[in-house]
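Presented below is the structure to which this report refers.
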Amino acid sequence: MEWIKNKWKKYNRPLLSFISCVCFLVILGNVFLQTTYLFRNVGQNRARVNGIKVQKDIDVIYVGGSVSFGDWQPLKAWNDWGIASYCMGSDGLAAENTKAYIEYARSFQDIRFFIIDPKPFQTYSSDENELGLRNGSDSMDLTNPARYHMLMDYFSGRSVAEDTDVLSYYLDIAKYHTNLVQLSRPAAWLNRHNADTPQYRGGELVARIYRMDEVPSYHTEVRKPLQGEGQRLLTELLEYGKQEGLTFLFALSPYRITEEEQERYNTIQDMVESYGQVFLNSNDYLEEMGIDFTTDFFGPAHVNVSGADKYTQFLGAYLKSNYSLPDRREDPAFAKWRQDHETFVPWKEEILQTHEDYLEKIRQAEALGSTMRAAETPLEWYRYASADLFDLIVVSEDVSGEPAQVMDRQILKKLGLTGPLSGQIRVLTDQGLEYSNADTGEKTLFIERLGVCGLSCTVSTGETACTVALEKDVLEMGSQGIHIVVMDAYNGTVEDQRTIYITPEGDMCFS
Amino acid sequence: MSIISFPFFCFLAVGVALYYLTPGKFQWGTLLVLSLVFYAFSGIPQTFAYLLISAAAAYGAGWVMMYQRAHKPDCKALSTAALWIAIGINLVLWFFFKAKGLWAGPAAALLDHVYIDKLNTAVYGQWIPALGMGYYTLQVIGYMVDCYWENAVPQKNPLKLLLFTAYFPQLTTGPISQYNQLNSLYEGHRFSYRNAAFGCQRILWGLLKKLILAECVGTVVSGLMELEYLDGIKAWLVILMYPIQMYADFSGCMDIILGASELFGIQLPENFRNPFFSRTVQEFWLRWHITLGAWVKSYVLYPLLKTGGMVRFGKACKKRFGKQKGKLLANTVAMMVPWLVMGIWHGGWQHILGVSLWHWSMLMLGEWMAKPAQKLTQALHIKTDSFSWHLFQSCRTYLIFAVGAVFFHAGVGRGLYVLGQALRMFWDQTLFSPWTLFDGSLSDFGMTTSALNLMIVMLGLIAIVGILREKYGYARVWMERQCVFFRWMVWVSLFLLLLIWGSYGPGYSAAQFIYQGF
């Protein structure tokens with residue numbers, strides 16, 4: 001007893017100092033973590049990455065870029081086949097993120113089946129992909145080793161600009177601490193433990209429509225090597241799967257695939273199959289799925305609600321017939337799925353209804369487009385063109401404020417495009433003038449999302465020519481007159497394109 | 001590797017771990033290796049040659065002094081010669097590489113245009129920016145003089161002397177330590193929780209000053225200084241705000257340095273002690289850049305006063321102007337020399353004007369006017385022991401320092417313009433524009449509401465820490481005596497303040513320390 005007393009007398013101060021030091025560091029570390037999470041952006045990308053920490057009733061994870069959550073509907077798969085799946089994806093996913101997401105998910109629960117989007121490996125380039133990387137690194141837990149492996153992989157393989165602040169990737173508070181507006185957002189405070197959960201098990205549905213031609217033939221037996229570090233990253237992923245005894249299904253979702261891309265997918269398929277895993281190219285089953293390129297996409301590589309329904313139906317059936325995944329519909333531990341499905345159904349129906357409305361609008365626009373193209377006078381033509389179904393891109397050649405040509409001004413006056421609707425580039429939607437270069441005077445105007453279909457568009461004006469570059473079309477126009485491009489607001493198709501001018505006799509004409 | 005960068009703190013953490021893992025007898029060796037690594041990553045490695053030459057000259061002089069004392073005790077001239085040669089080598093190096101602001105302009109004017117390219121290479125070549133040269137040169141000279149005066153025993157181990165010269169925390173902006181103050185460099189230290197805690201606290205406090213206050217104020221001052229035309233109010237803002245930036249920057253840097261050194265158990269001399277609490281210019285210079293003032297006093301002023309010429313001059317003055325005025329006159333003349341040395345050390349003509357002439361004249365004016373001012377305050381029945389009088393005196397001292405600092409910051413021409421605009425405001429109505437303080441236009445220069453709030457919070461904190469220091473020695477010693485929850489709350493709050501409002505990360509490039517260039 002005396003010995004203990006003496007020892008305590010001798011060591012109690014250093015011991016207490018040590019304990020208080022540890023406690024203080026724990027508090028400080030916790031404050032640091034919570035501050036870091038508080039300042040991060042809040043959104044579905046982050047929720048999808050972290051939902052896996054909270055939603056523990058999962059058998060399958062779909063890992064990938066936007067296709068993983070836009071094409072796959074976990075709640076439909078559960079309702080139809082009893083598959084308890086989760087979409088762990090983020091926009092613009094970098095190839096480095098794939099393995100990191102799997103490791104991250106497995107650090108919270110022992111999941112052994114992963115559906116993997118192979119696209120990031122096929123599209124890999126050594127260029128920077130900050131957004132894709134940060135969607136993952138700025139979502140994952142700061143202390144998770146998977147995050148650091150991912151960042152190290154990224155910086156060892158990519159050529160980043162010299163002035164890149166690498167530290168701000170590892171400690172993202174360095175980037176976001178100026179984002180003080182987060183302090184006023186309840187969602188940011190609620191997310192300070194970095195444990196947000198996504199809606200509908202990560203699945204997202206989009207009503208918009210992007211009309212495409214049928215896929216040209218892409219079948220080839222040629223094998224093209226993957227670019228840059230793509231091959232190494234895929235090999236490491238497959239090795240990891242082998243070591244851990246995981247099942248991978250590399251599922252390529254439907255999109256407008258090219259022959260060159262297929263050459264690289266052939267390489268991926270060979271690699272995947274050499275490890276005893278499965279590669280499934282759903283583009284080989286378009287007919288079976290019933291995919292329609294005029295109605296089932298909202299972008300060149302993304303299916304909308306209608307396409308997602310078809311793809312989920314196809315992939316769910318494939319999973320059920322090829323893998324022995326448990327049916328969780330009657331499992332009491334998975335009761336939450338029932339509730340989630342009940343909220344999912346009306347939401348999906350609402351989006352399907354919007355999708356139907358858009359289809360109807362597109363049909364109306366096509367009919368109106370025919371009438372418009374048959375118009376005999378510019379004013380009659382413009383009356384049809386200015387209907388709510390269309391977006392108008394109006395361009396004139398002059399670069400110094402109002403069009404220099406008196407005649408051009410006359411046209412604009414007759415079309416009702418003067419006054420507040422000034423500028424050489426104007427974009428008119430059903431909301432009126434949406435974009436104009438009147439304030440900036442810049443010769444080029446970039447529009448990130450135009451129309452209901454959300455196409456990006458670049459409009460340029462100059463003394464010799466005007467250009468309108470849409471995702472599908474690049475329209476070159478002369479320098480004389482007022483150029484008007486009529487675009488179907490609901491599917492991004494150019495319905496008509498005219499140049500209106502005044503003849504020497506003073507008549508307004510169009511061509 | 002800046003001392004406010006993440007790599008530096010990683011380096012420091014590794015360095016501290018290595019230091020305490022090394023047996024006490026060899027800990028100085030670890031410090032030397034750390035200093036060399038720091039130099040390699042912070043400065044231009046080739047410029048380490050200057051430091052080596054400097055240390056070698058000092059070692060050589062010390063060795064000669066030892067030899068002379070042991071073998072030729074009557075031949076003091078040998079030591080004297082060695083001392084002057086070594087000082088000469090150090091001064092030549094320093095003058096060429098660091099004082100280019102003094103000689104490059106006149107040299108360019110004198111040289112034929114053919115040699116201009118060569119001159120440019122010499123002045124702006126890649127070997128020129130030598131890290132910490134101004135500081136270690138003074139340290140080395142001080143060491144040699146101390147050895148010569150037998151105040152210090154010459155160091156027998158050249159590597160230990162190299163450590164004294166290159167000790168990494170003080171390479172950025174000093175402090176200028178005397179040899180005897182750094183004896184603990186060579187002693188073994190055991191890890192002390194208190195040292196570690198105090199060191200970290202001091203580093204945090206320094207970072208707060210630099211990354212919040214100095215950067216906030218610096219943005220406004222730089223923005224205003226870029227204006228071609230300054231109205232009166234903006235000129236006053238520049239004049240009054242720059243000393244805050246300077247203090248937050250320099251003292252913040254010192255806090256980081258002293259804190260870093262404390263982690264190794266090595267106490268470096270203080271460089272600041274609440275300078276803006278000073279009532280007079282004399283007092284100010286006992287509280288601002290203390291180690292430079294102390295160095296100049298020890299190695300320039302006192303030796304100068306002991307020279308035969310100065311003794312004779314003092315006697316002649318007393319004889320001619322009476323005891324009091326004669327002493328003041330002799331003092332005035334003698335004081336000019338150390339002030340000139342300080343101005344020259346800063347390395348530019350604007351510093352000679354802003355540091356030497358201005359402060360010397362203000363200091364001497366204070367000396368000469370002390371008696372009449374005392375009589376005046378008595379005649380006006382001013383309560384000189386009141387807080388308001390103290391405040392008035394502190395404001396006056398601040399203003400005097402601020403005027404000198406304008407030259408320091410802006411150079412002679414621009415400094416005169418700023419001061420001219422500030423003074424002209426009192427009779428030229430077109431320059432009087434107080435509404436600029438309230439119409440939001442200052443936000444274009446970074447003085448947004450949030451920046452202003454931050455400045456007020458930081459100045460408030462500095463004032464609290466200053467008062468605690470005046471009363472209790474160190475604020476952290478006072479803090480140590482507080483309840484654990486209060487302490488933790490304060491440190492966590494300060495950490496959060498830095499984390500959220502500090503100027504770091506992409507898009508920020510915290511400016512180099514103002515005193516890093518010397």
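All residue names refer to the structure tokens as shown: chains lettered A, B, ... in order, residues numbered from 1 in each chain, ligands numbered from 1 in order.
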
task = Tell me the residues of chain A close to chain B, meaning within 10 Å using only C-alpha atoms, as a PyMOL selection string.
result = chain A and resi 14+17-18+20-21+24-25+27-29+31-32+35-36+39+163-168+171-180

**Request:** Using backbone DSSP assignments, extract all helix (DSSP H, G or I) residues from segment 196-300 of chain A; output them as a PyMOL selection string.
**Result:** chain A and resi 199-202+230-244+259-274+282-289

Excluding Arg476 of chain B and residues on its chain fewer than 6 positions from it, collect all residues at most 12 Å away from it, counting only C-alpha atoms, and give them as a short mmCIF file (atom, residue, chain, number, x, y, z; two decimals) with N, CA and C atoms, in the first residue's frame.
data_model
loop_
_atom_site.label_atom_id
_atom_site.label_comp_id
_atom_site.auth_asym_id
_atom_site.auth_seq_id
_atom_site.Cartn_x
_atom_site.Cartn_y
_atom_site.Cartn_z
N ARG B 194 5.22 20.90 -20.09
CA ARG B 194 4.96 22.34 -19.99
C ARG B 194 5.57 23.09 -21.19
N ASN B 195 6.82 22.73 -21.52
CA ASN B 195 7.47 23.37 -22.67
C ASN B 195 6.68 23.11 -23.95
N ALA B 197 3.51 22.30 -24.25
CA ALA B 197 2.21 23.00 -24.25
C ALA B 197 2.41 24.48 -24.51
N PHE B 198 3.38 25.07 -23.82
CA PHE B 198 3.63 26.50 -24.01
C PHE B 198 4.08 26.79 -25.44
N GLY B 199 4.91 25.93 -25.97
CA GLY B 199 5.39 26.12 -27.34
C GLY B 199 4.24 26.10 -28.33
N CYS B 200 3.37 25.11 -28.19
CA CYS B 200 2.23 25.00 -29.11
C CYS B 200 1.30 26.20 -28.97
N GLN B 201 1.08 26.60 -27.71
CA GLN B 201 0.19 27.75 -27.49
C GLN B 201 0.76 29.00 -28.16
N ARG B 202 2.05 29.16 -28.02
CA ARG B 202 2.68 30.36 -28.58
C ARG B 202 2.63 30.32 -30.12
N LEU B 204 0.34 28.86 -31.91
CA LEU B 204 -1.06 29.13 -32.27
C LEU B 204 -1.33 30.63 -32.24
N TRP B 205 -0.84 31.26 -31.20
CA TRP B 205 -1.06 32.70 -31.05
C TRP B 205 -0.37 33.46 -32.18
N GLY B 259 7.97 29.90 -30.03
CA GLY B 259 7.21 28.70 -29.67
C GLY B 259 7.88 27.45 -30.19
N ILE B 464 -6.11 42.19 -24.62
CA ILE B 464 -6.28 41.38 -23.40
C ILE B 464 -4.97 40.68 -23.05
N VAL B 465 -4.37 40.07 -24.09
CA VAL B 465 -3.11 39.36 -23.85
C VAL B 465 -2.03 40.34 -23.36
N GLY B 466 -2.03 41.53 -23.95
CA GLY B 466 -1.06 42.56 -23.57
C GLY B 466 -1.23 42.95 -22.11
N LEU B 468 -2.66 41.22 -19.74
CA LEU B 468 -2.28 40.07 -18.90
C LEU B 468 -0.77 39.98 -18.77
N ARG B 469 -0.10 40.28 -19.87
CA ARG B 469 1.36 40.19 -19.86
C ARG B 469 1.97 41.25 -18.96
N GLN B 482 -5.68 28.92 -14.56
CA GLN B 482 -7.14 28.90 -14.65
C GLN B 482 -7.67 27.46 -14.65
N ARG B 487 -9.58 26.91 -19.74
CA ARG B 487 -8.38 26.87 -20.58
C ARG B 487 -8.67 26.18 -21.91
N VAL B 490 -10.81 28.24 -24.21
CA VAL B 490 -10.07 29.33 -24.85
C VAL B 490 -9.22 28.79 -25.99
N TRP B 491 -8.46 27.72 -25.72
CA TRP B 491 -7.56 27.23 -26.76
C TRP B 491 -8.33 26.64 -27.95
#

query: Within 7 Å of Met150 of chain A, counting only C-alpha atoms, which residues qualify if same-chain residues fewer than 6 places away don't, as number ranges by chain?
result: A: 96-97, 100

Residues as selected, C-alpha atoms, written as a PDB file, in the first residue's frame, can you do that?
ATOM      1  CA  GLU A  96      -9.162   6.039 -58.606  1.00  0.00           C
ATOM      2  CA  ASN A  97     -12.419   6.440 -56.688  1.00  0.00           C
ATOM      3  CA  ALA A 100     -11.598   3.565 -52.691  1.00  0.00           C
TER       4      ALA A 100
END

Quick one: residues within 9 Å of Gln122 of chain A, only C-alpha atoms, excluding same-chain residues fewer than 2 positions away - as a PyMOL selection string?
chain A and resi 95+118-120+124-125+226-227+230+261-262+264-265+268

re atom CA of Thr219 of chain B and atom CA of His346 of chain B: distance 23.4 Å

Point to revise | Atom pair atom CA of Pro106 of chain B / atom CA of Gly348 of chain B: separation (Å) | key: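 Atom-to-atom, atom CA of Pro106 of chain B to atom CA of Gly348 of chain B, that is 12.0 Å.
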
Tell me, in Å to one decimal, how far atom CA of Ala475 of chain B is from atom CA of Tyr11 of chain A.
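Atom CA of Tyr11 of chain A lies 27.8 Å from atom CA of Ala475 of chain B.
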